[in-house]
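Text of the file query13.cif, holding mmCIF, N, CA and C atoms:
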```cif
data_query
loop_
_atom_site.group_PDB
_atom_site.id
_atom_site.type_symbol
_atom_site.label_atom_id
_atom_site.label_comp_id
_atom_site.auth_asym_id
_atom_site.auth_seq_id
_atom_site.Cartn_x
_atom_site.Cartn_y
_atom_site.Cartn_z
ATOM 1 N N MET R 254 24.698 -25.775 47.116
ATOM 2 C CA MET R 254 25.132 -26.355 48.375
ATOM 3 C C MET R 254 26.334 -25.571 48.891
ATOM 4 N N ALA R 255 26.394 -25.469 50.189
ATOM 5 C CA ALA R 255 27.527 -24.828 50.854
ATOM 6 C C ALA R 255 28.215 -25.862 51.746
ATOM 7 N N ARG R 256 29.507 -25.722 51.882
ATOM 8 C CA ARG R 256 30.276 -26.651 52.714
ATOM 9 C C ARG R 256 30.450 -26.055 54.109
ATOM 10 N N PHE R 257 30.356 -26.925 55.122
ATOM 11 C CA PHE R 257 30.512 -26.514 56.508
ATOM 12 C C PHE R 257 31.438 -27.481 57.232
ATOM 13 N N VAL R 258 32.223 -26.926 58.142
ATOM 14 C CA VAL R 258 33.056 -27.691 59.055
ATOM 15 C C VAL R 258 32.347 -27.665 60.400
ATOM 16 N N MET R 259 32.149 -28.833 60.977
ATOM 17 C CA MET R 259 31.517 -28.936 62.294
ATOM 18 C C MET R 259 32.527 -29.566 63.246
ATOM 19 N N LEU R 260 32.991 -28.785 64.211
ATOM 20 C CA LEU R 260 33.941 -29.277 65.207
ATOM 21 C C LEU R 260 33.166 -29.666 66.452
ATOM 22 N N GLY R 261 33.339 -30.898 66.899
ATOM 23 C CA GLY R 261 32.588 -31.416 68.041
ATOM 24 C C GLY R 261 33.459 -31.656 69.247
ATOM 25 N N LYS R 262 32.877 -31.407 70.413
ATOM 26 C CA LYS R 262 33.558 -31.637 71.681
ATOM 27 C C LYS R 262 32.659 -32.522 72.545
ATOM 28 N N TYR R 263 33.229 -33.648 73.003
ATOM 29 C CA TYR R 263 32.475 -34.566 73.845
ATOM 30 C C TYR R 263 32.270 -33.999 75.246
ATOM 31 N N THR R 264 31.141 -34.386 75.828
ATOM 32 C CA THR R 264 30.909 -34.222 77.258
ATOM 33 C C THR R 264 30.912 -35.630 77.847
ATOM 34 N N GLN R 265 30.938 -35.732 79.151
ATOM 35 C CA GLN R 265 30.894 -37.059 79.769
ATOM 36 C C GLN R 265 29.640 -37.812 79.323
ATOM 37 N N GLY R 266 28.521 -37.131 79.273
ATOM 38 C CA GLY R 266 27.272 -37.765 78.852
ATOM 39 C C GLY R 266 27.283 -38.225 77.409
ATOM 40 N N SER R 267 27.897 -37.445 76.535
ATOM 41 C CA SER R 267 27.911 -37.823 75.116
ATOM 42 C C SER R 267 28.840 -38.999 74.855
ATOM 43 N N MET R 268 29.825 -39.194 75.703
ATOM 44 C CA MET R 268 30.747 -40.321 75.520
ATOM 45 C C MET R 268 30.064 -41.657 75.802
ATOM 46 N N ASP R 269 29.061 -41.646 76.660
ATOM 47 C CA ASP R 269 28.363 -42.885 77.016
ATOM 48 C C ASP R 269 27.659 -43.530 75.827
ATOM 49 N N GLY R 270 27.265 -42.716 74.839
ATOM 50 C CA GLY R 270 26.492 -43.262 73.730
ATOM 51 C C GLY R 270 27.270 -43.466 72.455
ATOM 52 N N ILE R 271 28.607 -43.393 72.497
ATOM 53 C CA ILE R 271 29.398 -43.543 71.274
ATOM 54 C C ILE R 271 29.168 -44.935 70.685
ATOM 55 N N SER R 272 28.789 -44.961 69.404
ATOM 56 C CA SER R 272 28.587 -46.238 68.718
ATOM 57 C C SER R 272 28.505 -45.987 67.219
ATOM 58 N N ALA R 273 28.725 -47.035 66.465
ATOM 59 C CA ALA R 273 28.597 -46.937 65.011
ATOM 60 C C ALA R 273 27.171 -46.581 64.620
ATOM 61 N N SER R 274 26.191 -47.091 65.359
ATOM 62 C CA SER R 274 24.797 -46.790 65.011
ATOM 63 C C SER R 274 24.474 -45.318 65.256
ATOM 64 N N ARG R 275 25.056 -44.699 66.295
ATOM 65 C CA ARG R 275 24.825 -43.270 66.531
ATOM 66 C C ARG R 275 25.486 -42.455 65.415
ATOM 67 N N THR R 276 26.653 -42.869 64.978
ATOM 68 C CA THR R 276 27.313 -42.197 63.866
ATOM 69 C C THR R 276 26.464 -42.299 62.602
ATOM 70 N N ASP R 277 25.901 -43.474 62.356
ATOM 71 C CA ASP R 277 25.011 -43.659 61.197
ATOM 72 C C ASP R 277 23.797 -42.744 61.294
ATOM 73 N N ARG R 278 23.240 -42.653 62.482
ATOM 74 C CA ARG R 278 22.065 -41.788 62.684
ATOM 75 C C ARG R 278 22.433 -40.320 62.431
ATOM 76 N N ALA R 279 23.621 -39.904 62.832
ATOM 77 C CA ALA R 279 24.070 -38.533 62.577
ATOM 78 C C ALA R 279 24.123 -38.268 61.064
ATOM 79 N N GLY R 280 24.616 -39.227 60.313
ATOM 80 C CA GLY R 280 24.627 -39.086 58.863
ATOM 81 C C GLY R 280 23.229 -38.968 58.287
ATOM 82 N N GLU R 281 22.288 -39.713 58.860
ATOM 83 C CA GLU R 281 20.895 -39.640 58.417
ATOM 84 C C GLU R 281 20.322 -38.245 58.668
ATOM 85 N N VAL R 282 20.665 -37.635 59.800
ATOM 86 C CA VAL R 282 20.191 -36.283 60.111
ATOM 87 C C VAL R 282 20.654 -35.313 59.028
ATOM 88 N N VAL R 283 21.903 -35.424 58.626
ATOM 89 C CA VAL R 283 22.433 -34.549 57.578
ATOM 90 C C VAL R 283 21.688 -34.790 56.270
ATOM 91 N N ARG R 284 21.533 -36.045 55.884
ATOM 92 C CA ARG R 284 20.852 -36.368 54.617
ATOM 93 C C ARG R 284 19.383 -35.957 54.646
ATOM 94 N N GLU R 285 18.697 -36.173 55.765
ATOM 95 C CA GLU R 285 17.289 -35.779 55.882
ATOM 96 C C GLU R 285 17.118 -34.263 55.777
ATOM 97 N N SER R 286 18.182 -33.523 56.036
ATOM 98 C CA SER R 286 18.145 -32.062 55.938
ATOM 99 C C SER R 286 18.565 -31.577 54.553
ATOM 100 N N GLY R 287 18.703 -32.498 53.620
ATOM 101 C CA GLY R 287 19.067 -32.144 52.255
ATOM 102 C C GLY R 287 20.557 -32.026 52.021
ATOM 103 N N GLY R 288 21.353 -32.568 52.939
ATOM 104 C CA GLY R 288 22.800 -32.437 52.846
ATOM 105 C C GLY R 288 23.506 -33.739 52.554
ATOM 106 N N GLU R 289 24.827 -33.654 52.584
ATOM 107 C CA GLU R 289 25.682 -34.811 52.335
ATOM 108 C C GLU R 289 26.871 -34.757 53.292
ATOM 109 N N VAL R 290 27.204 -35.902 53.864
ATOM 110 C CA VAL R 290 28.394 -36.004 54.702
ATOM 111 C C VAL R 290 29.584 -36.282 53.795
ATOM 112 N N ILE R 291 30.588 -35.394 53.842
ATOM 113 C CA ILE R 291 31.810 -35.586 53.063
ATOM 114 C C ILE R 291 32.779 -36.462 53.852
ATOM 115 N N GLY R 292 32.835 -36.254 55.170
ATOM 116 C CA GLY R 292 33.702 -37.062 56.014
ATOM 117 C C GLY R 292 33.475 -36.769 57.482
ATOM 118 N N ILE R 293 33.755 -37.765 58.310
ATOM 119 C CA ILE R 293 33.709 -37.628 59.770
ATOM 120 C C ILE R 293 35.005 -38.230 60.301
ATOM 121 N N TYR R 294 35.689 -37.468 61.148
ATOM 122 C CA TYR R 294 36.977 -37.912 61.684
ATOM 123 C C TYR R 294 37.046 -37.644 63.179
ATOM 124 N N ALA R 295 37.707 -38.542 63.894
ATOM 125 C CA ALA R 295 38.026 -38.326 65.308
ATOM 126 C C ALA R 295 39.339 -37.562 65.371
ATOM 127 N N LEU R 296 39.454 -36.689 66.361
ATOM 128 C CA LEU R 296 40.630 -35.829 66.505
ATOM 129 C C LEU R 296 41.250 -35.971 67.884
ATOM 130 N N LEU R 297 42.477 -35.541 67.999
ATOM 131 C CA LEU R 297 43.145 -35.314 69.275
ATOM 132 C C LEU R 297 43.381 -33.810 69.377
ATOM 133 N N GLY R 298 43.209 -33.247 70.559
ATOM 134 C CA GLY R 298 43.449 -31.818 70.712
ATOM 135 C C GLY R 298 42.244 -31.109 71.281
ATOM 136 N N ALA R 299 42.031 -29.886 70.859
ATOM 137 C CA ALA R 299 40.975 -29.043 71.415
ATOM 138 C C ALA R 299 39.573 -29.566 71.085
ATOM 139 N N TYR R 300 39.426 -30.247 69.962
ATOM 140 C CA TYR R 300 38.134 -30.821 69.564
ATOM 141 C C TYR R 300 38.291 -32.321 69.391
ATOM 142 N N ASP R 301 37.163 -33.032 69.521
ATOM 143 C CA ASP R 301 37.181 -34.491 69.472
ATOM 144 C C ASP R 301 36.723 -35.059 68.132
ATOM 145 N N LEU R 302 35.938 -34.273 67.403
ATOM 146 C CA LEU R 302 35.369 -34.723 66.132
ATOM 147 C C LEU R 302 35.417 -33.595 65.122
ATOM 148 N N ILE R 303 35.488 -33.972 63.850
ATOM 149 C CA ILE R 303 35.253 -33.016 62.777
ATOM 150 C C ILE R 303 34.346 -33.675 61.752
ATOM 151 N N LEU R 304 33.311 -32.967 61.377
ATOM 152 C CA LEU R 304 32.421 -33.391 60.301
ATOM 153 C C LEU R 304 32.570 -32.371 59.191
ATOM 154 N N LEU R 305 32.722 -32.844 57.983
ATOM 155 C CA LEU R 305 32.732 -31.996 56.811
ATOM 156 C C LEU R 305 31.468 -32.330 56.049
ATOM 157 N N VAL R 306 30.586 -31.345 55.898
ATOM 158 C CA VAL R 306 29.268 -31.599 55.318
ATOM 159 C C VAL R 306 28.920 -30.542 54.283
ATOM 160 N N ASP R 307 28.135 -30.932 53.305
ATOM 161 C CA ASP R 307 27.514 -29.995 52.372
ATOM 162 C C ASP R 307 26.061 -29.862 52.782
ATOM 163 N N LEU R 308 25.602 -28.624 52.915
ATOM 164 C CA LEU R 308 24.224 -28.341 53.311
ATOM 165 C C LEU R 308 23.678 -27.216 52.439
ATOM 166 N N PRO R 309 22.351 -27.131 52.306
ATOM 167 C CA PRO R 309 21.762 -26.131 51.414
ATOM 168 C C PRO R 309 22.078 -24.680 51.774
ATOM 169 N N ASP R 310 22.144 -24.356 53.072
ATOM 170 C CA ASP R 310 22.337 -22.960 53.463
ATOM 171 C C ASP R 310 22.685 -22.865 54.942
ATOM 172 N N VAL R 311 22.948 -21.646 55.391
ATOM 173 C CA VAL R 311 23.348 -21.406 56.787
ATOM 174 C C VAL R 311 22.245 -21.808 57.759
ATOM 175 N N GLU R 312 21.010 -21.515 57.417
ATOM 176 C CA GLU R 312 19.900 -21.865 58.314
ATOM 177 C C GLU R 312 19.813 -23.372 58.520
ATOM 178 N N THR R 313 20.002 -24.121 57.449
ATOM 179 C CA THR R 313 19.993 -25.583 57.559
ATOM 180 C C THR R 313 21.169 -26.052 58.398
ATOM 181 N N ALA R 314 22.326 -25.414 58.238
ATOM 182 C CA ALA R 314 23.497 -25.780 59.049
ATOM 183 C C ALA R 314 23.205 -25.573 60.532
ATOM 184 N N MET R 315 22.520 -24.485 60.868
ATOM 185 C CA MET R 315 22.147 -24.248 62.269
ATOM 186 C C MET R 315 21.218 -25.343 62.776
ATOM 187 N N GLN R 316 20.228 -25.703 61.963
ATOM 188 C CA GLN R 316 19.293 -26.757 62.363
ATOM 189 C C GLN R 316 20.006 -28.091 62.549
ATOM 190 N N VAL R 317 20.885 -28.437 61.627
ATOM 191 C CA VAL R 317 21.623 -29.695 61.721
ATOM 192 C C VAL R 317 22.497 -29.705 62.967
ATOM 193 N N SER R 318 23.172 -28.602 63.241
ATOM 194 C CA SER R 318 24.012 -28.515 64.430
ATOM 195 C C SER R 318 23.193 -28.764 65.694
ATOM 196 N N LEU R 319 22.032 -28.136 65.777
ATOM 197 C CA LEU R 319 21.158 -28.339 66.941
ATOM 198 C C LEU R 319 20.628 -29.776 67.015
ATOM 199 N N LYS R 320 20.217 -30.311 65.884
ATOM 200 C CA LYS R 320 19.705 -31.686 65.863
ATOM 201 C C LYS R 320 20.779 -32.685 66.292
ATOM 202 N N LEU R 321 22.014 -32.471 65.809
ATOM 203 C CA LEU R 321 23.089 -33.394 66.181
ATOM 204 C C LEU R 321 23.444 -33.268 67.656
ATOM 205 N N THR R 322 23.385 -32.071 68.205
ATOM 206 C CA THR R 322 23.634 -31.908 69.635
ATOM 207 C C THR R 322 22.551 -32.597 70.445
ATOM 208 N N ARG R 323 21.302 -32.457 70.024
ATOM 209 C CA ARG R 323 20.208 -33.147 70.725
ATOM 210 C C ARG R 323 20.367 -34.663 70.641
ATOM 211 N N LEU R 324 20.768 -35.154 69.480
ATOM 212 C CA LEU R 324 20.927 -36.597 69.263
ATOM 213 C C LEU R 324 22.087 -37.177 70.057
ATOM 214 N N THR R 325 23.218 -36.460 70.068
ATOM 215 C CA THR R 325 24.454 -37.039 70.581
ATOM 216 C C THR R 325 24.935 -36.476 71.910
ATOM 217 N N GLY R 326 24.512 -35.254 72.241
ATOM 218 C CA GLY R 326 25.052 -34.574 73.409
ATOM 219 C C GLY R 326 26.384 -33.904 73.140
ATOM 220 N N VAL R 327 26.894 -34.039 71.923
ATOM 221 C CA VAL R 327 28.157 -33.410 71.523
ATOM 222 C C VAL R 327 27.870 -31.948 71.184
ATOM 223 N N GLY R 328 28.693 -31.035 71.708
ATOM 224 C CA GLY R 328 28.569 -29.629 71.354
ATOM 225 C C GLY R 328 29.349 -29.350 70.079
ATOM 226 N N PHE R 329 28.738 -28.631 69.148
ATOM 227 C CA PHE R 329 29.369 -28.354 67.859
ATOM 228 C C PHE R 329 29.621 -26.871 67.647
ATOM 229 N N LEU R 330 30.766 -26.574 67.071
ATOM 230 C CA LEU R 330 31.079 -25.260 66.532
ATOM 231 C C LEU R 330 31.015 -25.439 65.021
ATOM 232 N N THR R 331 30.077 -24.751 64.379
ATOM 233 C CA THR R 331 29.824 -24.958 62.959
ATOM 234 C C THR R 331 30.203 -23.697 62.195
ATOM 235 N N SER R 332 31.037 -23.869 61.167
ATOM 236 C CA SER R 332 31.527 -22.731 60.390
ATOM 237 C C SER R 332 31.455 -23.038 58.902
ATOM 238 N N PRO R 333 31.126 -22.019 58.091
ATOM 239 C CA PRO R 333 31.175 -22.230 56.644
ATOM 240 C C PRO R 333 32.618 -22.398 56.186
ATOM 241 N N ALA R 334 32.803 -23.175 55.147
ATOM 242 C CA ALA R 334 34.131 -23.394 54.574
ATOM 243 C C ALA R 334 34.075 -23.066 53.084
ATOM 244 N N VAL R 335 35.061 -22.320 52.625
ATOM 245 C CA VAL R 335 35.148 -21.936 51.217
ATOM 246 C C VAL R 335 36.428 -22.541 50.659
ATOM 247 N N ASP R 336 36.322 -23.192 49.495
ATOM 248 C CA ASP R 336 37.533 -23.777 48.919
ATOM 249 C C ASP R 336 38.533 -22.671 48.580
ATOM 250 N N VAL R 337 39.802 -23.038 48.575
ATOM 251 C CA VAL R 337 40.866 -22.043 48.442
ATOM 252 C C VAL R 337 40.829 -21.350 47.072
ATOM 253 N N GLU R 338 40.367 -22.032 46.048
ATOM 254 C CA GLU R 338 40.258 -21.392 44.732
ATOM 255 C C GLU R 338 39.249 -20.242 44.769
ATOM 256 N N THR R 339 38.121 -20.468 45.398
ATOM 257 C CA THR R 339 37.120 -19.401 45.544
ATOM 258 C C THR R 339 37.669 -18.280 46.413
ATOM 259 N N PHE R 340 38.338 -18.645 47.498
ATOM 260 C CA PHE R 340 38.938 -17.629 48.370
ATOM 261 C C PHE R 340 39.947 -16.779 47.598
ATOM 262 N N ASP R 341 40.811 -17.431 46.817
ATOM 263 C CA ASP R 341 41.812 -16.696 46.044
ATOM 264 C C ASP R 341 41.137 -15.705 45.081
ATOM 265 N N ALA R 342 40.057 -16.142 44.424
ATOM 266 C CA ALA R 342 39.330 -15.269 43.501
ATOM 267 C C ALA R 342 38.718 -14.089 44.249
ATOM 268 N N LEU R 343 38.147 -14.344 45.403
ATOM 269 C CA LEU R 343 37.568 -13.267 46.210
ATOM 270 C C LEU R 343 38.637 -12.293 46.683
ATOM 271 N N ALA R 344 39.753 -12.824 47.099
ATOM 272 C CA ALA R 344 40.826 -11.999 47.642
ATOM 273 C C ALA R 344 41.499 -11.131 46.576
ATOM 274 N N SER R 345 41.502 -11.608 45.339
ATOM 275 C CA SER R 345 42.197 -10.859 44.303
ATOM 276 C C SER R 345 41.276 -9.920 43.533
ATOM 277 N N GLY R 346 39.997 -9.976 43.821
ATOM 278 C CA GLY R 346 39.099 -9.147 43.013
ATOM 279 C C GLY R 346 38.292 -8.256 43.819
#
```

As structure tokens - that is how I would like this structure written.
Amino acid sequence: MARFVMLGKYTQGSMDGISASRTDRAGEVVRESGGEVIGIYALLGAYDLILLVDLPDVETAMQVSLKLTRLTGVGFLTSPAVDVETFDALASG
């Protein structure tokens, strides 16, 4: 599994459907794709949401990002995340 950070930005249309049930459905999309939701948080600033998810691979992350945009209308910027211990090992070797 690989970890991904998904930064979401609301549009006017996506704000109309905000609900706990839509959030639950988003989690189902991740799980149905073989992944796990580590956390979902609302933000202030340049982005409105952050999802931290584990997914099988980059291709699955792309599919999940597209599926969540279709479901919610939220635009996502999805990036792989590497824990700092792995980064330190890569950087020193």

Task: For Ser318 of chain R: contacts at 8 Å, all atoms listed in the file, fewer than 6 positions along chain excluded, given as a list in words - done: Met259, Glu312, Leu324, Val327, Gly328, Phe329, Leu330 and Thr331 of chain R

Task: Separation of atom CA of Gly261 of chain R from atom CA of Leu343 of chain R in Å - done: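 The value is 28.8 Å.
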
TODO: Run DSSP on the backbone and grab whatever in chain R lands in strand (DSSP E or B); send it over as an MDAnalysis selection string.
DONE: chainID R and resid 255:262 289:295 302:308 328:334

Open item on the list: Please report the interatomic distance between atom CA of Met315 of chain R and atom CA of Ile293 of chain R in Å with one decimal.
Closed with: 17.9 Å

Task: For Arg275 of chain R, the nearest of the candidates R:Thr325, R:Tyr294, R:Tyr300, R:Ala255, counting only N, CA and C atoms - done: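 Nearest to Arg275 of chain R: R:Thr325.
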
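Those residues returned by the PyMOL selection byres (((chain R and resi 264-270 and name CA) around 7) and name CA) for this file are Lys262, Tyr263, Ile271, Ser272, Thr325, Gly326 and Val327 of chain R.
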
TODO: Considering only N, CA and C atoms, state which residue in the set R:Thr276, R:Leu319, R:Val335, R:Leu304 is at the smallest distance from Val258 of chain R.
DONE: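 Residue with the minimum atom-to-atom distance to Val258 of chain R: R:Leu304.
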
TODO: Calculate how many Å separate atom CA of Thr322 of chain R from atom CA of Val290 of chain R, rounding to one decimal.
DONE: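 Atom CA of Val290 of chain R lies at a distance of 16.2 Å from atom CA of Thr322 of chain R.
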
- [ ] May I ask which of the residues R:Val283, R:Leu321, R:Leu308, R:Ala299 is the closest one to Met254 of chain R, counting all atoms listed in the file?
- [x] R:Leu308

TODO: as a ChimeraX atom specification, please: all residues of chain R that backbone DSSP puts in helix (DSSP H, G or I).
DONE: /R:265-268,273-285,311-325,337-345

Task: Answer key for the PyMOL selection byres (((chain R and resi 309 and name CA) around 8) and name CA), residues as a PyMOL selection string - done: chain R and resi 254-255+287-288+307-308+310-311+313-314

TODO: Can you work out which one of R:Lys320, R:Ile291, R:Ser274, R:Asp341 has the shortest atom-to-atom distance to Val306 of chain R, counting all atoms listed in the file?
DONE: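 The answer is R:Ile291, which sits nearest to Val306 of chain R.
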
- [ ] Considering only C-alpha atoms, state which residue in the set R:Arg278, R:Gly298, R:Leu305, R:Gln316 is at the smallest distance from Ala334 of chain R.
- [x] R:Leu305
